[in-house]
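Asks: Data file coords-v5.cif (mmCIF, C-alpha atoms) is appended below.
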data_final
loop_
_atom_site.label_atom_id
_atom_site.label_comp_id
_atom_site.auth_asym_id
_atom_site.auth_seq_id
_atom_site.Cartn_x
_atom_site.Cartn_y
_atom_site.Cartn_z
CA MET N 1 -8.17 54.53 -4.98
CA THR N 2 -5.71 52.72 -2.71
CA ALA N 3 -4.76 49.07 -3.22
CA GLU N 4 -6.47 48.25 0.05
CA ALA N 5 -9.71 49.94 -1.03
CA SER N 6 -9.70 48.40 -4.52
CA GLY N 7 -9.19 44.93 -3.06
CA ALA N 8 -12.02 45.16 -0.54
CA PRO N 9 -14.88 44.18 -2.91
CA LEU N 10 -12.93 41.13 -4.05
CA GLU N 11 -12.28 40.13 -0.44
CA GLU N 12 -16.02 40.42 0.21
CA PHE N 13 -16.72 38.22 -2.81
CA LEU N 14 -14.28 35.56 -1.61
CA ALA N 15 -15.65 35.67 1.94
CA ASP N 16 -19.25 35.13 0.76
CA PRO N 17 -20.10 31.38 1.08
CA GLU N 18 -22.51 31.66 -1.85
CA SER N 19 -19.63 32.52 -4.17
CA CYS N 20 -18.47 28.91 -3.99
CA THR N 21 -21.68 27.70 -5.66
CA LEU N 22 -21.70 30.17 -8.55
CA ASP N 23 -21.15 28.99 -12.10
CA LEU N 24 -17.83 30.23 -13.41
CA SER N 25 -19.25 32.73 -15.92
CA THR N 26 -21.21 34.48 -13.18
CA ALA N 27 -18.18 34.37 -10.90
CA VAL N 28 -16.04 35.96 -13.62
CA ALA N 29 -18.53 38.79 -14.09
CA ARG N 30 -18.80 39.46 -10.35
CA CYS N 31 -15.04 39.31 -9.81
CA ALA N 32 -14.44 41.69 -12.71
CA LYS N 33 -17.00 44.11 -11.28
CA ALA N 34 -15.50 43.82 -7.81
CA LEU N 35 -12.11 44.75 -9.24
CA GLY N 36 -13.46 47.62 -11.28
CA LEU N 37 -12.69 45.97 -14.63
CA ARG N 38 -14.84 46.75 -17.66
CA HIS N 39 -15.33 43.22 -18.97
CA ALA N 40 -13.54 39.85 -18.74
CA VAL N 41 -13.93 36.58 -20.66
CA VAL N 42 -12.39 33.17 -19.92
CA TYR N 43 -11.21 31.04 -22.84
CA LEU N 44 -10.24 27.40 -22.27
CA ALA N 45 -7.97 25.39 -24.55
CA ASP N 46 -9.69 22.49 -26.28
CA LEU N 47 -8.45 18.94 -25.76
CA GLN N 48 -6.02 19.08 -28.69
CA GLN N 49 -4.87 22.65 -27.95
CA ARG N 50 -5.96 24.01 -31.32
CA HIS N 51 -8.70 26.38 -30.16
CA LEU N 52 -9.43 28.76 -27.30
CA VAL N 53 -13.11 28.29 -26.47
CA PRO N 54 -15.03 30.98 -24.53
CA LEU N 55 -17.03 29.84 -21.53
CA THR N 56 -20.06 31.70 -22.87
CA ASP N 57 -21.52 32.16 -26.33
CA VAL N 58 -21.12 35.94 -26.30
CA THR N 59 -17.90 35.78 -28.31
CA ALA N 60 -16.24 33.54 -30.89
CA THR N 61 -13.74 30.71 -30.52
CA LEU N 62 -10.16 31.81 -31.26
CA PRO N 63 -7.35 29.79 -32.87
CA VAL N 64 -4.31 28.99 -30.74
CA ASP N 65 -2.21 29.53 -33.86
CA GLY N 66 -2.85 32.86 -35.51
CA SER N 67 -4.43 35.00 -32.80
CA VAL N 68 -3.12 37.39 -30.16
CA ALA N 69 -4.90 35.36 -27.49
CA GLY N 70 -3.21 32.25 -28.88
CA TRP N 71 0.18 33.98 -28.65
CA THR N 72 -0.45 34.48 -24.92
CA TYR N 73 -1.39 30.80 -24.56
CA ARG N 74 1.67 29.63 -26.47
CA THR N 75 4.18 31.84 -24.64
CA GLN N 76 2.47 32.22 -21.24
CA ALA N 77 3.05 35.97 -21.48
CA LEU N 78 0.87 39.10 -21.45
CA ARG N 79 -0.19 40.54 -24.83
CA VAL N 80 -2.26 43.65 -25.54
CA GLU N 81 -4.22 44.65 -28.64
CA GLU N 82 -6.66 47.37 -29.60
CA SER N 83 -10.24 46.37 -28.95
CA ASP N 84 -13.01 46.40 -31.56
CA ARG N 85 -14.79 48.59 -29.09
CA ASP N 86 -13.31 51.63 -27.37
CA GLY N 87 -10.18 50.74 -25.40
CA VAL N 88 -7.85 47.73 -25.40
CA THR N 89 -7.95 44.00 -24.72
CA ALA N 90 -5.25 42.52 -22.50
CA TRP N 91 -4.64 38.77 -22.66
CA PHE N 92 -3.41 36.96 -19.56
CA PRO N 93 -2.41 33.27 -19.34
CA LEU N 94 -4.51 31.04 -17.11
CA LEU N 95 -2.02 28.74 -15.38
CA ASP N 96 -2.53 26.06 -12.76
CA GLY N 97 1.08 25.81 -11.67
CA ALA N 98 2.80 24.76 -14.91
CA GLU N 99 -0.41 23.59 -16.62
CA ARG N 100 -1.82 25.83 -19.37
CA LEU N 101 -5.61 26.06 -18.98
CA GLY N 102 -6.38 28.87 -21.41
CA VAL N 103 -6.39 32.67 -21.37
CA LEU N 104 -8.28 35.53 -19.77
CA GLY N 105 -9.30 38.45 -21.98
CA VAL N 106 -9.74 41.71 -20.07
CA HIS N 107 -11.36 44.62 -21.92
CA THR N 108 -10.60 48.03 -20.45
CA HIS N 109 -10.49 51.70 -21.45
CA ALA N 110 -6.81 52.03 -20.56
CA LEU N 111 -4.16 49.61 -19.32
CA THR N 112 -2.76 51.08 -16.13
CA ALA N 113 -0.53 49.60 -13.45
CA GLU N 114 -3.60 49.16 -11.27
CA THR N 115 -5.52 47.39 -14.06
CA LEU N 116 -2.59 45.05 -14.63
CA ARG N 117 -2.40 44.19 -10.94
CA GLN N 118 -6.14 43.58 -10.73
CA SER N 119 -6.23 41.49 -13.91
CA ARG N 120 -3.32 39.30 -12.82
CA ALA N 121 -5.07 38.71 -9.49
CA LEU N 122 -8.25 37.77 -11.35
CA ALA N 123 -6.38 35.37 -13.67
CA ALA N 124 -4.74 33.64 -10.69
CA LEU N 125 -8.07 33.32 -8.89
CA LEU N 126 -9.90 31.99 -11.95
CA ALA N 127 -7.20 29.41 -12.70
CA THR N 128 -7.67 28.01 -9.20
CA MET N 129 -11.45 27.97 -9.60
CA ILE N 130 -11.26 26.24 -12.98
CA SER N 131 -8.90 23.57 -11.65
CA SER N 132 -11.18 22.85 -8.70
CA LYS N 133 -14.33 22.57 -10.81
CA ARG N 134 -13.32 20.99 -14.12
CA MET N 135 -13.08 17.46 -12.70
CA TYR N 136 -16.83 17.41 -12.06
CA LYS N 137 -18.26 20.12 -14.34
CA ASP N 138 -19.27 18.44 -17.58
CA SER N 139 -19.98 21.86 -19.09
CA PHE N 140 -16.21 22.46 -19.17
CA VAL N 141 -15.63 19.10 -20.84
CA ARG N 142 -18.28 19.67 -23.49
CA ARG N 143 -16.87 23.05 -24.43
CA THR N 144 -13.34 21.75 -24.80
CA ARG N 145 -14.20 18.75 -27.00
CA THR N 146 -14.61 19.08 -30.74
CA GLU N 147 -15.78 15.54 -31.48
CA ALA N 148 -17.22 12.46 -29.78
CA MET N 149 -14.97 10.62 -27.34
CA GLN N 150 -14.70 6.86 -27.86
CA LEU N 151 -15.32 4.66 -24.81
CA PRO N 152 -11.73 3.36 -24.35
CA ALA N 153 -10.43 6.93 -24.54
CA GLU N 154 -13.08 8.15 -22.09
CA MET N 155 -12.07 5.51 -19.57
CA LEU N 156 -8.33 6.02 -19.92
CA ARG N 157 -8.43 9.82 -19.85
CA ALA N 158 -10.17 9.66 -16.48
CA PHE N 159 -6.90 8.25 -15.09
CA LEU N 160 -4.51 10.73 -16.70
CA PRO N 161 -2.90 13.59 -14.75
CA PRO N 162 -2.64 17.18 -16.04
CA ARG N 163 -0.62 17.56 -19.25
CA THR N 164 2.06 19.62 -17.51
CA ILE N 165 3.45 19.69 -13.96
CA GLY N 166 6.54 21.30 -12.53
CA ASN N 167 8.31 23.41 -9.96
CA ALA N 168 11.36 25.68 -9.91
CA GLN N 169 13.70 22.73 -10.59
CA ALA N 170 11.92 20.47 -13.07
CA VAL N 171 9.04 20.44 -15.51
CA SER N 172 7.31 17.49 -17.16
CA THR N 173 4.85 17.76 -20.02
CA ALA N 174 3.06 15.23 -22.24
CA VAL N 175 0.77 14.88 -25.26
CA LEU N 176 -1.28 11.89 -26.41
CA GLU N 177 -3.00 11.28 -29.75
CA PRO N 178 -5.38 10.40 -31.28
CA ALA N 179 -7.08 12.46 -28.58
CA TYR N 180 -10.57 10.98 -28.95
CA ASP N 181 -9.66 7.41 -29.86
CA ILE N 182 -6.66 6.33 -27.80
CA GLY N 183 -6.45 2.64 -27.06
CA GLY N 184 -3.61 1.59 -24.79
CA ASP N 185 -1.16 4.46 -24.46
CA ALA N 186 -0.96 6.41 -21.20
CA PHE N 187 1.36 8.66 -19.24
CA ASP N 188 1.79 9.72 -15.65
CA HIS N 189 3.95 12.20 -13.78
CA SER N 190 4.09 13.47 -10.23
CA LEU N 191 6.25 15.46 -7.82
CA THR N 192 7.52 14.74 -4.33
CA ALA N 193 9.68 16.94 -2.11
CA THR N 194 12.82 15.67 -3.85
CA SER N 195 11.83 13.81 -7.02
CA LEU N 196 9.99 13.94 -10.30
CA HIS N 197 8.36 10.66 -11.34
CA ALA N 198 7.48 10.08 -15.01
CA VAL N 199 5.83 7.12 -16.75
CA VAL N 200 4.90 6.21 -20.32
CA LEU N 201 2.90 3.04 -21.05
CA ASP N 202 1.88 1.19 -24.22
CA ALA N 203 -0.58 -1.67 -23.73
CA MET N 204 -1.10 -4.49 -26.19
CA GLY N 205 -3.92 -3.83 -28.69
CA HIS N 206 -6.19 -0.87 -29.31
CA ASN N 207 -9.46 -1.54 -27.53
CA LEU N 208 -11.20 -1.35 -24.16
CA ALA N 209 -9.04 -4.15 -22.75
CA SER N 210 -5.93 -2.21 -23.76
CA GLY N 211 -7.18 0.87 -21.96
CA LEU N 212 -8.03 -1.20 -18.91
CA THR N 213 -4.51 -2.68 -18.93
CA SER N 214 -2.93 0.78 -18.87
CA ALA N 215 -5.39 1.96 -16.22
CA VAL N 216 -4.48 -0.94 -13.93
CA ALA N 217 -0.77 -0.33 -14.56
CA LEU N 218 -1.16 3.37 -13.69
CA ALA N 219 -3.09 2.57 -10.52
CA ALA N 220 -0.63 -0.11 -9.39
CA GLY N 221 2.31 2.21 -10.00
CA ARG N 222 0.70 5.07 -8.09
CA ASN N 223 -0.28 2.76 -5.25
CA ALA N 224 3.31 1.62 -4.82
CA ARG N 225 4.78 5.11 -5.27
CA ARG N 226 2.45 6.64 -2.70
CA SER N 227 3.41 3.89 -0.26
CA GLY N 228 7.06 4.89 -0.55
CA ALA N 229 8.20 1.96 -2.72
CA ASP N 230 11.46 2.20 -4.64
CA LEU N 231 11.43 1.94 -8.43
CA ARG N 232 12.07 -1.81 -8.60
CA SER N 233 9.30 -2.56 -6.11
CA LEU N 234 6.99 -0.21 -7.98
CA VAL N 235 7.41 -2.11 -11.25
CA ASP N 236 7.03 -5.41 -9.40
CA ASN N 237 3.71 -4.13 -8.08
CA VAL N 238 2.53 -3.43 -11.64
CA ASP N 239 3.67 -6.89 -12.74
CA GLN N 240 1.76 -8.51 -9.92
CA ALA N 241 -1.41 -6.51 -10.55
CA LEU N 242 -1.50 -7.36 -14.25
CA SER N 243 -0.73 -11.03 -13.61
CA GLU N 244 -3.51 -11.26 -11.03
CA TRP N 245 -6.26 -9.20 -12.65
CA LEU N 246 -5.51 -9.25 -16.39
CA PRO N 247 -3.48 -12.42 -16.99
CA ASP N 248 -3.97 -12.30 -20.77
CA GLN N 249 -2.78 -8.71 -21.13
CA PHE N 250 0.61 -7.02 -21.03
CA CYS N 251 2.12 -3.60 -21.63
CA THR N 252 5.51 -2.05 -22.21
CA GLY N 253 6.66 1.05 -20.40
CA ILE N 254 9.31 3.28 -18.88
CA PHE N 255 9.22 4.22 -15.20
CA ALA N 256 11.61 7.07 -14.39
CA GLU N 257 12.55 8.94 -11.23
CA LEU N 258 14.63 12.14 -11.28
CA ASP N 259 16.15 13.43 -8.07
CA TYR N 260 16.05 17.13 -8.81
CA THR N 261 18.40 18.00 -5.97
CA SER N 262 21.25 15.95 -7.49
CA GLY N 263 20.21 15.34 -11.11
CA VAL N 264 20.46 11.56 -10.71
CA LEU N 265 18.01 9.75 -12.98
CA HIS N 266 16.85 6.19 -12.33
CA TRP N 267 14.63 4.30 -14.74
CA ALA N 268 13.29 0.83 -15.50
CA ASN N 269 12.67 -0.21 -19.10
CA CYS N 270 9.99 -2.86 -19.55
CA GLY N 271 10.15 -3.82 -23.23
CA HIS N 272 9.90 -0.21 -24.39
CA PRO N 273 11.88 2.15 -26.69
CA ALA N 274 14.77 3.65 -24.74
CA PRO N 275 14.53 7.23 -23.45
CA LEU N 276 16.32 9.94 -25.43
CA LEU N 277 18.67 12.51 -23.87
CA ILE N 278 19.01 15.97 -25.39
CA ARG N 279 21.94 17.99 -24.04
CA ASP N 280 23.35 21.31 -25.27
CA GLN N 281 20.98 21.24 -28.26
CA ARG N 282 22.05 17.85 -29.53
CA LEU N 283 20.97 14.25 -29.14
CA VAL N 284 23.42 12.28 -27.01
CA ALA N 285 23.34 9.02 -28.95
CA ASP N 286 22.59 5.90 -26.88
CA ALA N 287 23.09 7.83 -23.61
CA LEU N 288 20.10 6.08 -22.00
CA GLN N 289 20.15 2.94 -24.14
CA ARG N 290 20.11 -0.18 -21.94
CA GLU N 291 18.95 -3.74 -22.49
CA ALA N 292 15.22 -3.80 -21.89
CA ASP N 293 13.46 -6.22 -19.54
CA PRO N 294 10.31 -8.07 -20.72
CA PRO N 295 6.98 -6.19 -20.82
CA MET N 296 4.94 -5.98 -17.64
CA GLY N 297 2.42 -8.76 -17.22
CA LEU N 298 4.86 -11.37 -18.58
CA ARG N 299 6.58 -12.28 -15.32
CA THR N 300 7.38 -15.79 -16.53
CA LEU N 301 9.86 -14.26 -18.98
CA LEU N 302 11.83 -12.56 -16.21
CA SER N 303 15.14 -14.06 -15.20
CA ALA N 304 15.99 -14.82 -11.60
CA ARG N 305 17.60 -11.39 -11.22
CA GLY N 306 14.22 -9.62 -11.51
CA ARG N 307 13.65 -6.12 -12.85
CA ARG N 308 16.68 -3.90 -13.43
CA VAL N 309 16.91 -0.23 -12.51
CA HIS N 310 19.39 1.89 -14.46
CA GLU N 311 21.12 5.10 -13.41
CA ALA N 312 22.52 8.20 -15.13
CA ARG N 313 23.41 11.70 -14.00
CA LEU N 314 21.84 14.63 -15.82
CA ARG N 315 23.32 18.07 -16.34
CA PRO N 316 21.40 21.34 -15.85
CA GLY N 317 19.20 22.02 -18.86
CA ASP N 318 19.03 18.38 -20.00
CA ARG N 319 15.79 17.24 -21.59
CA VAL N 320 14.69 13.59 -21.52
CA LEU N 321 12.10 12.22 -23.94
CA LEU N 322 9.89 9.19 -23.26
CA TYR N 323 7.70 8.09 -26.14
CA THR N 324 5.72 5.26 -27.69
CA ASP N 325 6.52 3.79 -31.09
CA GLY N 326 3.42 5.41 -32.59
CA VAL N 327 5.48 8.62 -32.70
CA THR N 328 8.44 7.33 -34.70
CA GLU N 329 6.17 5.24 -36.95
CA ALA N 330 4.02 8.24 -37.88
CA ARG N 331 4.24 9.76 -41.37
CA THR N 332 5.67 13.18 -42.22
CA ALA N 333 4.16 15.62 -44.73
CA ASP N 334 6.12 13.97 -47.56
CA GLY N 335 4.82 10.53 -46.61
CA GLN N 336 8.03 9.26 -45.03
CA LEU N 337 8.31 7.67 -41.60
CA PHE N 338 8.92 10.32 -38.96
CA GLY N 339 11.68 8.27 -37.37
CA LEU N 340 13.88 8.76 -34.35
CA GLU N 341 16.27 11.31 -35.86
CA ARG N 342 13.51 13.64 -37.08
CA PHE N 343 11.81 13.33 -33.70
CA ALA N 344 14.92 14.35 -31.78
CA ASP N 345 15.84 17.06 -34.30
CA TYR N 346 12.46 18.74 -33.93
CA VAL N 347 12.82 18.96 -30.15
CA ILE N 348 16.41 20.20 -30.48
CA ARG N 349 15.42 23.01 -32.85
CA ALA N 350 12.55 24.02 -30.58
CA SER N 351 14.89 24.05 -27.59
CA ALA N 352 17.37 26.23 -29.46
CA SER N 353 14.62 28.76 -30.21
CA GLY N 354 13.76 29.02 -26.52
CA GLU N 355 10.33 27.47 -26.94
CA LEU N 356 8.62 26.30 -23.75
CA ALA N 357 8.48 22.52 -23.33
CA PRO N 358 4.64 22.25 -23.44
CA GLU N 359 4.56 24.32 -26.63
CA THR N 360 7.27 22.18 -28.22
CA LEU N 361 5.16 19.03 -27.78
CA ARG N 362 1.94 20.74 -28.88
CA ARG N 363 3.52 21.86 -32.15
CA LEU N 364 5.27 18.54 -32.67
CA ILE N 365 2.17 16.40 -32.32
CA HIS N 366 0.23 18.76 -34.59
CA SER N 367 2.90 18.51 -37.26
CA LEU N 368 2.31 14.75 -37.30
CA LEU N 369 -1.48 14.99 -37.27
CA ASP N 370 -1.55 17.61 -40.02
CA SER N 371 0.68 15.73 -42.43
CA ARG N 372 -0.64 14.42 -45.73
CA ASP N 373 -1.09 10.96 -44.21
CA SER N 374 -2.63 12.19 -40.98
CA ARG N 375 -3.76 8.79 -39.74
CA LEU N 376 -1.43 7.61 -37.03
CA ARG N 377 -0.52 3.96 -37.31
CA ASP N 378 -0.78 3.62 -33.55
CA ASP N 379 -1.34 5.70 -30.44
CA ALA N 380 1.37 8.34 -30.16
CA THR N 381 2.46 9.56 -26.73
CA ILE N 382 5.36 11.85 -25.88
CA LEU N 383 6.51 12.89 -22.43
CA LEU N 384 9.34 15.39 -22.03
CA PHE N 385 10.93 16.37 -18.75
CA GLU N 386 13.61 18.99 -18.17
CA TRP N 387 15.95 19.51 -15.25
CA GLN N 388 16.76 23.11 -14.34
CA PRO N 389 18.23 23.14 -10.81
CA VAL N 390 18.08 26.32 -8.78
CA GLY N 391 21.39 28.14 -8.34
#
Taking this structure as input, can you express it in the form of structure tokens?

Replies:
Amino acid sequence: MTAEASGAPLEEFLADPESCTLDLSTAVARCAKALGLRHAVVYLADLQQRHLVPLTDVTATLPVDGSVAGWTYRTQALRVEESDRDGVTAWFPLLDGAERLGVLGVHTHALTAETLRQSRALAALLATMISSKRMYKDSFVRRTRTEAMQLPAEMLRAFLPPRTIGNAQAVSTAVLEPAYDIGGDAFDHSLTATSLHAVVLDAMGHNLASGLTSAVALAAGRNARRSGADLRSLVDNVDQALSEWLPDQFCTGIFAELDYTSGVLHWANCGHPAPLLIRDQRLVADALQREADPPMGLRTLLSARGRRVHEARLRPGDRVLLYTDGVTEARTADGQLFGLERFADYVIRASASGELAPETLRRLIHSLLDSRDSRLRDDATILLFEWQPVG
């Protein structure tokens, strides 16, 4: 069968207006049939990235750690294993750009070049469909949650972007715990034609008002950014919004902007722990340490000079870490404070092993949650961005 002939049924499926209204499980079955594949199953990562949950109940949930499917999720690479039934199972990553959604399991009698091509096409199509539907399909949300979501967390998560974004020159990835009971921590990141923007916030308290504070700060920052404001004006916009709408609340934060054509990094520090710079597999001590301005929402504490924007030039391969103090104040397996040095050392060792940035943060946050004293003292948020210029 020629490539043109094998692709015709899929083209017919895509051209059919009714295909847009199908539930994803039915769409997967029809797409697999159109491509001549034996059987295909979509698995989505749960909120904490511990499990791969099938969209239907015909098969079992798989662990991200300790399964072949999980290996594909962790590495974003194809993996093949013998099937319980006749044939093999090929695992393909489901990626929305840089964001890991889950995996696609394709069961087939034999893995040929044609099967590989068809399966990769199906994985790309399904990732797009999942991304377009998951914002309004509660069935996706229910399957990827393992416990009840508290109201402040529900509200705040509605404002958060995907965990990972990126292009050929930069990637940014984040994790936030406790996943179902966050109070005031939040992150944001976005891309323009020339820049990566990254934000980490930590609002006062751990309740609905804290979540609302971070939500307003995120919205005010995005509003200014999308209007073309520079970094100083952006932070001023957040200050003004909090002062006007939530005068009794405040939050700390880092607002960063990386020009990924030049590697120039600008950032504003509003009462927050300083960013960390990892270069050539070592922590560059105090490289991004600057005197912090007061938290946002406390404009009366600002001096006449206003908010300060700092500048540094990155080198190719540099990784920058933004975090909240819930990370460094967490406990390790032996009951000791995690601390800044352990935090940086973990990321350095993961970088040296060639681990992908999203996987580094997933494993790091799990190491904190799975320690003997697994109760975080505070919300813990980590955002890591990496500059890898082309050429």

Asks: For this structure, which residues satisfy the selection - the PyMOL selection byres ((chain N and resi 39-44) around 7) - when it is evaluated on the file as given? I want them as a PyMOL selection string.

Replies: chain N and resi 28-29+32+37-38+45-46+52-55+101-108+144

Asks: The residues within 8 Å of (-2.3, 39.1, -17.5), using all atoms listed in the file and the coordinates of the file, should be reported as a list in words; which are they?

Replies: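 Every polymer residue passing the test: Ala77, Leu78, Arg79, Ala90, Trp91, Phe92, Pro93, Leu104, Leu116, Ser119, Arg120 and Ala123 of chain N.
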
Asks: Just C-alpha atoms for this one: save the residues we selected as a PDB file, in the frame of the given file.

Replies:
ATOM      1  CA  ALA N  77       3.050  35.970 -21.480  1.00  0.00           C
ATOM      2  CA  LEU N  78       0.870  39.100 -21.450  1.00  0.00           C
ATOM      3  CA  ARG N  79      -0.190  40.540 -24.830  1.00  0.00           C
ATOM      4  CA  ALA N  90      -5.250  42.520 -22.500  1.00  0.00           C
ATOM      5  CA  TRP N  91      -4.640  38.770 -22.660  1.00  0.00           C
ATOM      6  CA  PHE N  92      -3.410  36.960 -19.560  1.00  0.00           C
ATOM      7  CA  PRO N  93      -2.410  33.270 -19.340  1.00  0.00           C
ATOM      8  CA  LEU N 104      -8.280  35.530 -19.770  1.00  0.00           C
ATOM      9  CA  LEU N 116      -2.590  45.050 -14.630  1.00  0.00           C
ATOM     10  CA  SER N 119      -6.230  41.490 -13.910  1.00  0.00           C
ATOM     11  CA  ARG N 120      -3.320  39.300 -12.820  1.00  0.00           C
ATOM     12  CA  ALA N 123      -6.380  35.370 -13.670  1.00  0.00           C
TER      13      ALA N 123
END

Asks: Run the PyMOL selection byres ((chain N and resi 165) around 12) against the file shown and list the residues it catches, as a PyMOL selection string.

Replies: chain N and resi 95-100+161-164+166-174+188-192+196-198+357-358+383-386

Asks: From the list N:Met149, N:Ile382, N:Ala292, N:Val200, which residue is nearest Asp181 (chain N) when using all atoms listed in the file?

Replies: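 Closest to Asp181 (chain N) of all the choices is N:Met149.
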
Asks: Which centre and edge lengths in Å to one decimal define the box along x, y and z that fits every listed atom of region 382-389 of chain N plus 6 Å per side, as JSON?

Replies:
{"center_x": 11.8, "center_y": 17.5, "center_z": -18.3, "size_x": 24.9, "size_y": 23.3, "size_z": 27.1}

Asks: Expand the PyMOL selection byres ((chain N and resi 342-348) around 10) into the explicit residue set it covers here, and present it as a VMD selection string.

Replies: chain N and resid 276 to 284 319 321 327 to 328 332 337 to 341 349 to 353 355 357 360 to 361 363 to 364 384

Asks: Given the choices N:Asp230, N:Phe255, N:Pro389, N:His266, which gets closest to Pro316 (chain N) if the distance is worked out from all atoms listed in the file?

Replies: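 Smallest distance to Pro316 (chain N) is found for N:Pro389.
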
Asks: Looking at N:His206, N:Asp293, N:His109, N:Leu22, which one is nearest to Arg305 (chain N), with distances taken over all atoms listed in the file?

Replies: N:Asp293

Asks: Can you tell me which residues surround Glu244 (chain N) at a distance of at most 12 Å, considering only C-alpha atoms, apart from same-chain residues fewer than 3 positions away, and format the answer as a PyMOL selection string?

Replies: chain N and resi 213+216-217+220+237-241+247-250+296-299

Asks: For Leu258 (chain N), which residue among N:Asn207, N:Trp387, N:Ser214, N:Gly184 is the nearest when counting only C-alpha atoms?

Replies: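 Of N:Asn207, N:Trp387, N:Ser214, N:Gly184, the one nearest Leu258 (chain N) is N:Trp387, counting only C-alpha atoms.
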
Asks: Rank N:Asp65, N:Asp379, N:Asp57, N:Asp86 by their smallest atom-to-atom distance to Phe187 (chain N), using all atoms listed in the file, and report the top residue only.

Replies: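 Smallest distance to Phe187 (chain N) is found for N:Asp379.
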
Asks: Between CA of Gly211 (chain N) and CA of Gln336 (chain N), what is the spacing in Å?

Replies: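 Rounded to one decimal, the two atoms are 28.9 Å apart.
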
Asks: Rounded to one decimal place, report the CA of Asp259 (chain N)-CA of Leu314 (chain N) distance in Å.

Replies: 9.7 Å

Asks: Please, can region 307-311 of chain N be completed to all heavy atoms and returned as a JSON list (two decimals), keeping the file's coordinate frame?

Replies:
[["chain", "number", "residue", "atom", "x", "y", "z"],
["N", 307, "ARG", "N", 13.61, -7.38, -12.10],
["N", 307, "ARG", "CA", 13.65, -6.12, -12.85],
["N", 307, "ARG", "C", 14.93, -5.34, -12.56],
["N", 307, "ARG", "O", 15.41, -5.32, -11.43],
["N", 307, "ARG", "CB", 12.45, -5.25, -12.49],
["N", 307, "ARG", "CG", 11.10, -5.83, -12.91],
["N", 307, "ARG", "CD", 10.92, -5.75, -14.40],
["N", 307, "ARG", "NE", 9.60, -6.25, -14.81],
["N", 307, "ARG", "CZ", 9.23, -6.40, -16.07],
["N", 307, "ARG", "NH1", 10.07, -6.11, -17.05],
["N", 307, "ARG", "NH2", 8.03, -6.85, -16.37],
["N", 308, "ARG", "N", 15.47, -4.71, -13.59],
["N", 308, "ARG", "CA", 16.68, -3.90, -13.43],
["N", 308, "ARG", "C", 16.35, -2.42, -13.43],
["N", 308, "ARG", "O", 15.47, -1.96, -14.17],
["N", 308, "ARG", "CB", 17.67, -4.20, -14.56],
["N", 308, "ARG", "CG", 18.27, -5.59, -14.50],
["N", 308, "ARG", "CD", 19.06, -5.90, -15.75],
["N", 308, "ARG", "NE", 18.19, -6.00, -16.93],
["N", 308, "ARG", "CZ", 18.61, -6.35, -18.13],
["N", 308, "ARG", "NH1", 19.89, -6.61, -18.33],
["N", 308, "ARG", "NH2", 17.77, -6.44, -19.14],
["N", 309, "VAL", "N", 17.05, -1.68, -12.57],
["N", 309, "VAL", "CA", 16.91, -0.23, -12.51],
["N", 309, "VAL", "C", 18.24, 0.38, -12.94],
["N", 309, "VAL", "O", 19.30, 0.03, -12.42],
["N", 309, "VAL", "CB", 16.53, 0.24, -11.10],
["N", 309, "VAL", "CG1", 16.55, 1.77, -11.02],
["N", 309, "VAL", "CG2", 15.16, -0.29, -10.72],
["N", 310, "HIS", "N", 18.18, 1.28, -13.92],
["N", 310, "HIS", "CA", 19.39, 1.89, -14.46],
["N", 310, "HIS", "C", 19.59, 3.29, -13.88],
["N", 310, "HIS", "O", 18.65, 3.89, -13.35],
["N", 310, "HIS", "CB", 19.28, 1.96, -15.98],
["N", 310, "HIS", "CG", 18.86, 0.68, -16.61],
["N", 310, "HIS", "ND1", 19.67, -0.43, -16.63],
["N", 310, "HIS", "CD2", 17.69, 0.30, -17.20],
["N", 310, "HIS", "CE1", 19.03, -1.43, -17.24],
["N", 310, "HIS", "NE2", 17.83, -1.01, -17.59],
["N", 311, "GLU", "N", 20.80, 3.81, -14.01],
["N", 311, "GLU", "CA", 21.12, 5.10, -13.41],
["N", 311, "GLU", "C", 21.97, 5.93, -14.37],
["N", 311, "GLU", "O", 22.84, 5.41, -15.07],
["N", 311, "GLU", "CB", 21.87, 4.91, -12.09],
["N", 311, "GLU", "CG", 22.27, 6.21, -11.41],
["N", 311, "GLU", "CD", 22.99, 5.99, -10.09],
["N", 311, "GLU", "OE1", 22.53, 5.12, -9.30],
["N", 311, "GLU", "OE2", 24.01, 6.67, -9.86]]
